[in-house]
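Coordinates from model_12.txt are shown below (compact mmCIF, C-alpha atoms).
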# COMPACT_ATOMS: atom_id res chain seq x y z
CA MET V 5 86.03 107.44 111.65
CA LYS V 6 84.80 105.68 108.54
CA ALA V 7 87.14 102.68 108.90
CA LYS V 8 85.78 101.91 112.34
CA GLU V 9 82.22 101.86 110.99
CA ILE V 10 83.23 99.45 108.23
CA TYR V 11 84.86 97.21 110.82
CA LYS V 12 81.58 97.10 112.73
CA ILE V 13 79.83 95.86 109.56
CA TRP V 14 82.54 93.22 109.17
CA VAL V 15 82.16 92.03 112.78
CA GLU V 16 78.39 91.70 112.32
CA ASN V 17 79.02 89.51 109.27
CA LEU V 18 81.72 87.32 110.82
CA PRO V 19 79.29 84.80 112.43
CA ASN V 20 77.63 84.31 109.01
CA ILE V 21 80.83 82.98 107.45
CA PRO V 22 80.79 79.18 107.24
CA ARG V 23 82.66 77.58 110.13
CA ILE V 24 85.20 75.94 107.83
CA SER V 25 86.39 79.39 106.68
CA ARG V 26 85.59 81.46 109.76
CA TYR V 27 88.77 80.50 111.58
CA THR V 28 91.06 80.86 108.58
CA TYR V 29 89.74 83.50 106.22
CA GLY V 30 87.66 85.25 108.89
CA ASP V 31 90.50 85.46 111.41
CA ARG V 32 92.94 86.69 108.74
CA VAL V 33 90.62 89.47 107.62
CA ASP V 34 89.78 90.39 111.21
CA THR V 35 93.43 90.56 112.23
CA LEU V 36 94.38 92.60 109.17
CA PHE V 37 91.46 94.97 109.70
CA LEU V 38 92.46 95.58 113.32
CA GLU V 39 96.07 96.18 112.23
CA PHE V 40 94.76 98.68 109.68
CA LEU V 41 92.82 100.56 112.36
CA GLU V 42 95.87 100.60 114.64
CA LYS V 43 98.07 101.90 111.81
CA ILE V 44 95.64 104.74 111.07
CA TYR V 45 95.86 105.81 114.69
CA ALA V 46 99.66 105.49 114.76
CA VAL V 47 100.23 107.38 111.50
CA SER V 48 98.15 110.32 112.69
CA TYR V 49 100.69 110.86 115.50
CA MET V 50 103.88 110.28 113.50
CA PRO V 51 106.31 113.12 112.83
CA ILE V 52 105.74 114.65 109.41
CA HIS V 53 108.88 113.15 107.85
CA GLU V 54 107.76 109.61 108.82
CA LYS V 55 104.11 109.93 107.79
CA SER V 56 104.67 109.34 104.08
CA LEU V 57 106.08 105.87 104.71
CA GLY V 58 103.31 105.18 107.22
CA ILE V 59 100.65 106.17 104.71
CA ARG V 60 102.25 103.93 102.07
CA ASN V 61 102.01 101.05 104.54
CA LEU V 62 98.36 101.93 105.20
CA ILE V 63 97.61 101.91 101.47
CA SER V 64 99.30 98.52 101.10
CA THR V 65 97.29 97.09 104.01
CA LEU V 66 94.09 98.55 102.56
CA ASP V 67 94.79 96.97 99.16
CA THR V 68 95.28 93.60 100.85
CA LEU V 69 92.00 94.03 102.73
CA ARG V 70 90.16 94.91 99.54
CA PHE V 71 91.63 91.84 97.83
CA LEU V 72 90.56 89.58 100.71
CA PHE V 73 87.02 90.99 100.67
CA GLN V 74 86.85 90.44 96.90
CA LEU V 75 88.05 86.88 97.42
CA GLY V 76 85.42 86.36 100.12
CA TYR V 77 82.72 87.60 97.78
CA GLU V 78 83.90 85.47 94.86
CA THR V 79 83.97 82.34 97.04
CA ARG V 80 80.54 83.20 98.48
CA LEU V 81 81.78 83.71 102.02
CA ILE V 82 80.35 87.23 101.94
CA THR V 83 76.99 88.19 100.45
CA GLU V 84 76.83 90.75 97.68
CA LYS V 85 75.05 93.19 99.98
CA LYS V 86 77.78 92.96 102.66
CA TYR V 87 80.51 93.09 100.03
CA ILE V 88 79.13 96.34 98.63
CA ALA V 89 78.59 97.76 102.13
CA ILE V 90 82.23 97.07 102.99
CA SER V 91 84.10 97.55 99.70
CA THR V 92 82.53 100.85 98.62
CA PRO V 93 83.69 102.76 101.72
CA LEU V 94 87.09 101.04 101.50
CA VAL V 95 87.53 102.56 98.03
CA GLU V 96 86.67 105.98 99.49
CA ILE V 97 89.22 105.46 102.27
CA GLY V 98 91.82 104.60 99.63
CA LYS V 99 91.11 107.87 97.85
CA MET V 100 91.43 109.77 101.12
CA LEU V 101 94.73 108.07 101.91
CA GLY V 102 96.02 108.88 98.42
CA GLY V 103 95.04 112.52 98.88
CA TRP V 104 96.64 112.62 102.33
CA LYS V 105 99.87 111.19 100.91
CA LYS V 106 99.88 113.57 97.95
CA GLY V 107 99.31 116.60 100.18
CA LEU V 108 101.98 115.45 102.59
CA ASP V 109 104.50 114.81 99.80
CA GLU V 110 103.87 118.30 98.41
CA LYS V 111 104.33 119.79 101.86
CA ILE V 112 107.61 117.92 102.36
CA ILE V 113 108.90 119.02 98.93
CA LYS V 114 108.12 122.67 99.70
CA THR V 115 109.85 122.65 103.08
CA PRO V 116 112.44 119.85 103.16
CA ALA V 117 114.73 121.50 105.71
CA GLN V 118 111.92 122.37 108.09
CA SER V 119 110.31 118.93 107.89
CA LYS V 120 113.51 117.29 109.14
CA LEU V 121 113.48 119.53 112.19
CA LEU V 122 109.93 118.58 113.17
Written form, structure tokens:
Amino acid sequence: MKAKEIYKIWVENLPNIPRISRYTYGDRVDTLFLEFLEKIYAVSYMPIHEKSLGIRNLISTLDTLRFLFQLGYETRLITEKKYIAISTPLVEIGKMLGGWKKGLDEKIIKTPAQSKLL
């Protein structure tokens, strides 16, 4: 799971964030990241007719995470190296989520009656 690997990179970097921001910015990013991982797990087990909304929520959470990492980089809380190591795979995850949503939406459009029964 790519998201879990990115989280490990984040956790390694957390102690390097200045103390003044570690318990505000750091906690917010950490909490949001853990929520994102939980949502990925939950969406994978949702019935097909609920997954589209779940994936939209995942994409929204991912966009917020990406914004927070960009903010951390711009305010020098995260080094450029860590920012690239975290943000590049997050972009890939966003593409995968978009593809998952598109494929799911096409599947629901093709079989609307059957998807409600599942």
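For the choices V:Tyr87, V:Gly103, V:Ser56, V:Ala7, the atom-to-atom distance to Leu75 in chain V is smallest for V:Tyr87 when using all atoms listed in the file.
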Subject >> CA of Leu62 in chain V to CA of Leu101 in chain V, straight-line distance in Å >> reply: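 The value is 7.9 Å.
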**OP:** Would you list the contacts of Gly58 in chain V as a PyMOL selection string, taking every protein, DNA or RNA residue within 9 Å and counting only C-alpha atoms, but skipping same-chain residues closer than 6 positions in sequence?
**Re:** chain V and resi 43-44+46-47+50
**OP:** Would you mind telling me which residue in V:Ile21, V:Ile52, V:Ile10, V:Val15 lies nearest to Glu110 in chain V when using only C-alpha atoms?
**Re:**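 Looking at the shortest contact to Glu110 in chain V, the residue is V:Ile52.
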How close does range 46-110 of chain V get to range 25-35 of chain V? List, as a Markdown table, each residue of range 46-110 of chain V within 12 Å, its nearest atom pair and the distance in Å to one decimal, counting only C-alpha atoms.
| residue | atom | partner | partner_atom | distance |
| --- | --- | --- | --- | --- |
| V:Thr65 | CA | V:Val33 | CA | 10.8 |
| V:Leu66 | CA | V:Val33 | CA | 11.0 |
| V:Thr68 | CA | V:Val33 | CA | 9.2 |
| V:Leu69 | CA | V:Val33 | CA | 6.8 |
| V:Arg70 | CA | V:Val33 | CA | 9.8 |
| V:Phe71 | CA | V:Val33 | CA | 10.1 |
| V:Leu72 | CA | V:Val33 | CA | 6.9 |
| V:Phe73 | CA | V:Val33 | CA | 8.0 |
| V:Gln74 | CA | V:Val33 | CA | 11.4 |
| V:Leu75 | CA | V:Tyr29 | CA | 9.6 |
| V:Gly76 | CA | V:Tyr29 | CA | 8.0 |
| V:Tyr77 | CA | V:Tyr29 | CA | 11.7 |
| V:Thr79 | CA | V:Ser25 | CA | 10.4 |
| V:Arg80 | CA | V:Ser25 | CA | 10.8 |
| V:Leu81 | CA | V:Ser25 | CA | 7.9 |
| V:Ile82 | CA | V:Gly30 | CA | 10.3 |
Hey, could you pull the box centre and edge lengths for range 76-80 of chain V, axis-aligned, 4 Å padding per side, all listed atoms, to one decimal in Å, as lines of an AutoDock Vina configuration file?
center_x = 83.0
center_y = 85.0
center_z = 97.5
size_x = 12.9
size_y = 13.3
size_z = 13.3
Original post:
For Glu16 in chain V, which of V:Lys55, V:Lys105, V:Glu39, V:Ile90 is the closest residue, counting only C-alpha atoms?
Top reply: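 Counting only C-alpha atoms, the residue closest to Glu16 in chain V is V:Ile90.
Put simply, CA of Pro93 in chain V is 17.9 Å away from CA of Glu42 in chain V.
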Original post:
Which of these, V:Gly98, V:Ser64, V:Gly107, V:Thr83, has the shortest distance to Pro22 in chain V once you count all atoms listed in the file?
Top reply: V:Thr83
Subject >> Minimum-distance residue to Lys6 in chain V, chosen among V:Arg60, V:Leu38, V:Ile97, V:Glu54 (using all atoms listed in the file) >> reply: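 Ranking V:Arg60, V:Leu38, V:Ile97, V:Glu54 by distance to Lys6 in chain V, first place goes to V:Ile97.
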**OP:** Can you work out the spacing between CA of Ile24 in chain V and CA of Ile63 in chain V in Å, to one decimal?
**Re:** 29.5 Å
Original post:
Which residues, written as number ranges by chain, have at least one atom at most 8 Å from Ile13 in chain V, with only C-alpha atoms counted and residues fewer than 4 positions away on the same chain left out?
Top reply: V: 9, 17, 86, 89-90
**OP:** Rank nothing, just name the residue among V:Leu57, V:Glu78, V:Leu36, V:Glu84 nearest to Lys106 in chain V, using all atoms listed in the file.
**Re:** V:Leu57
Mind filling out range 93-111 of chain V with N, CA and C atoms and sending it as a short mmCIF file (atom, residue, chain, number, x, y, z; two decimals), keeping the file's coordinate frame?
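Dumped to out-v3.cif:
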data_model
loop_
_atom_site.label_atom_id
_atom_site.label_comp_id
_atom_site.auth_asym_id
_atom_site.auth_seq_id
_atom_site.Cartn_x
_atom_site.Cartn_y
_atom_site.Cartn_z
N PRO V 93 82.98 101.82 100.85
CA PRO V 93 83.69 102.76 101.72
C PRO V 93 85.20 102.53 101.75
N LEU V 94 85.65 101.29 101.54
CA LEU V 94 87.09 101.04 101.50
C LEU V 94 87.73 101.76 100.32
N VAL V 95 87.02 101.82 99.19
CA VAL V 95 87.53 102.56 98.03
C VAL V 95 87.64 104.04 98.38
N GLU V 96 86.64 104.58 99.07
CA GLU V 96 86.67 105.98 99.49
C GLU V 96 87.85 106.24 100.44
N ILE V 97 88.09 105.31 101.35
CA ILE V 97 89.22 105.46 102.27
C ILE V 97 90.53 105.46 101.49
N GLY V 98 90.63 104.62 100.47
CA GLY V 98 91.82 104.60 99.63
C GLY V 98 92.05 105.93 98.95
N LYS V 99 90.99 106.55 98.47
CA LYS V 99 91.11 107.87 97.85
C LYS V 99 91.56 108.91 98.86
N MET V 100 91.02 108.83 100.08
CA MET V 100 91.43 109.77 101.12
C MET V 100 92.89 109.58 101.49
N LEU V 101 93.33 108.33 101.59
CA LEU V 101 94.73 108.07 101.91
C LEU V 101 95.65 108.58 100.80
N GLY V 102 95.24 108.37 99.55
CA GLY V 102 96.02 108.88 98.42
C GLY V 102 96.12 110.40 98.45
N GLY V 103 95.02 111.07 98.76
CA GLY V 103 95.04 112.52 98.88
C GLY V 103 95.90 113.00 100.03
N TRP V 104 95.83 112.29 101.15
CA TRP V 104 96.64 112.62 102.33
C TRP V 104 98.13 112.50 101.98
N LYS V 105 98.48 111.41 101.30
CA LYS V 105 99.87 111.19 100.91
C LYS V 105 100.34 112.25 99.93
N LYS V 106 99.51 112.56 98.95
CA LYS V 106 99.88 113.57 97.95
C LYS V 106 100.10 114.93 98.61
N GLY V 107 99.17 115.32 99.48
CA GLY V 107 99.31 116.60 100.18
C GLY V 107 100.54 116.63 101.06
N LEU V 108 100.81 115.53 101.72
CA LEU V 108 101.98 115.45 102.59
C LEU V 108 103.27 115.51 101.78
N ASP V 109 103.31 114.79 100.66
CA ASP V 109 104.50 114.81 99.80
C ASP V 109 104.76 116.21 99.27
N GLU V 110 103.71 116.93 98.88
CA GLU V 110 103.87 118.30 98.41
C GLU V 110 104.39 119.20 99.52
N LYS V 111 103.90 119.00 100.71
CA LYS V 111 104.33 119.79 101.86
C LYS V 111 105.80 119.52 102.17
#
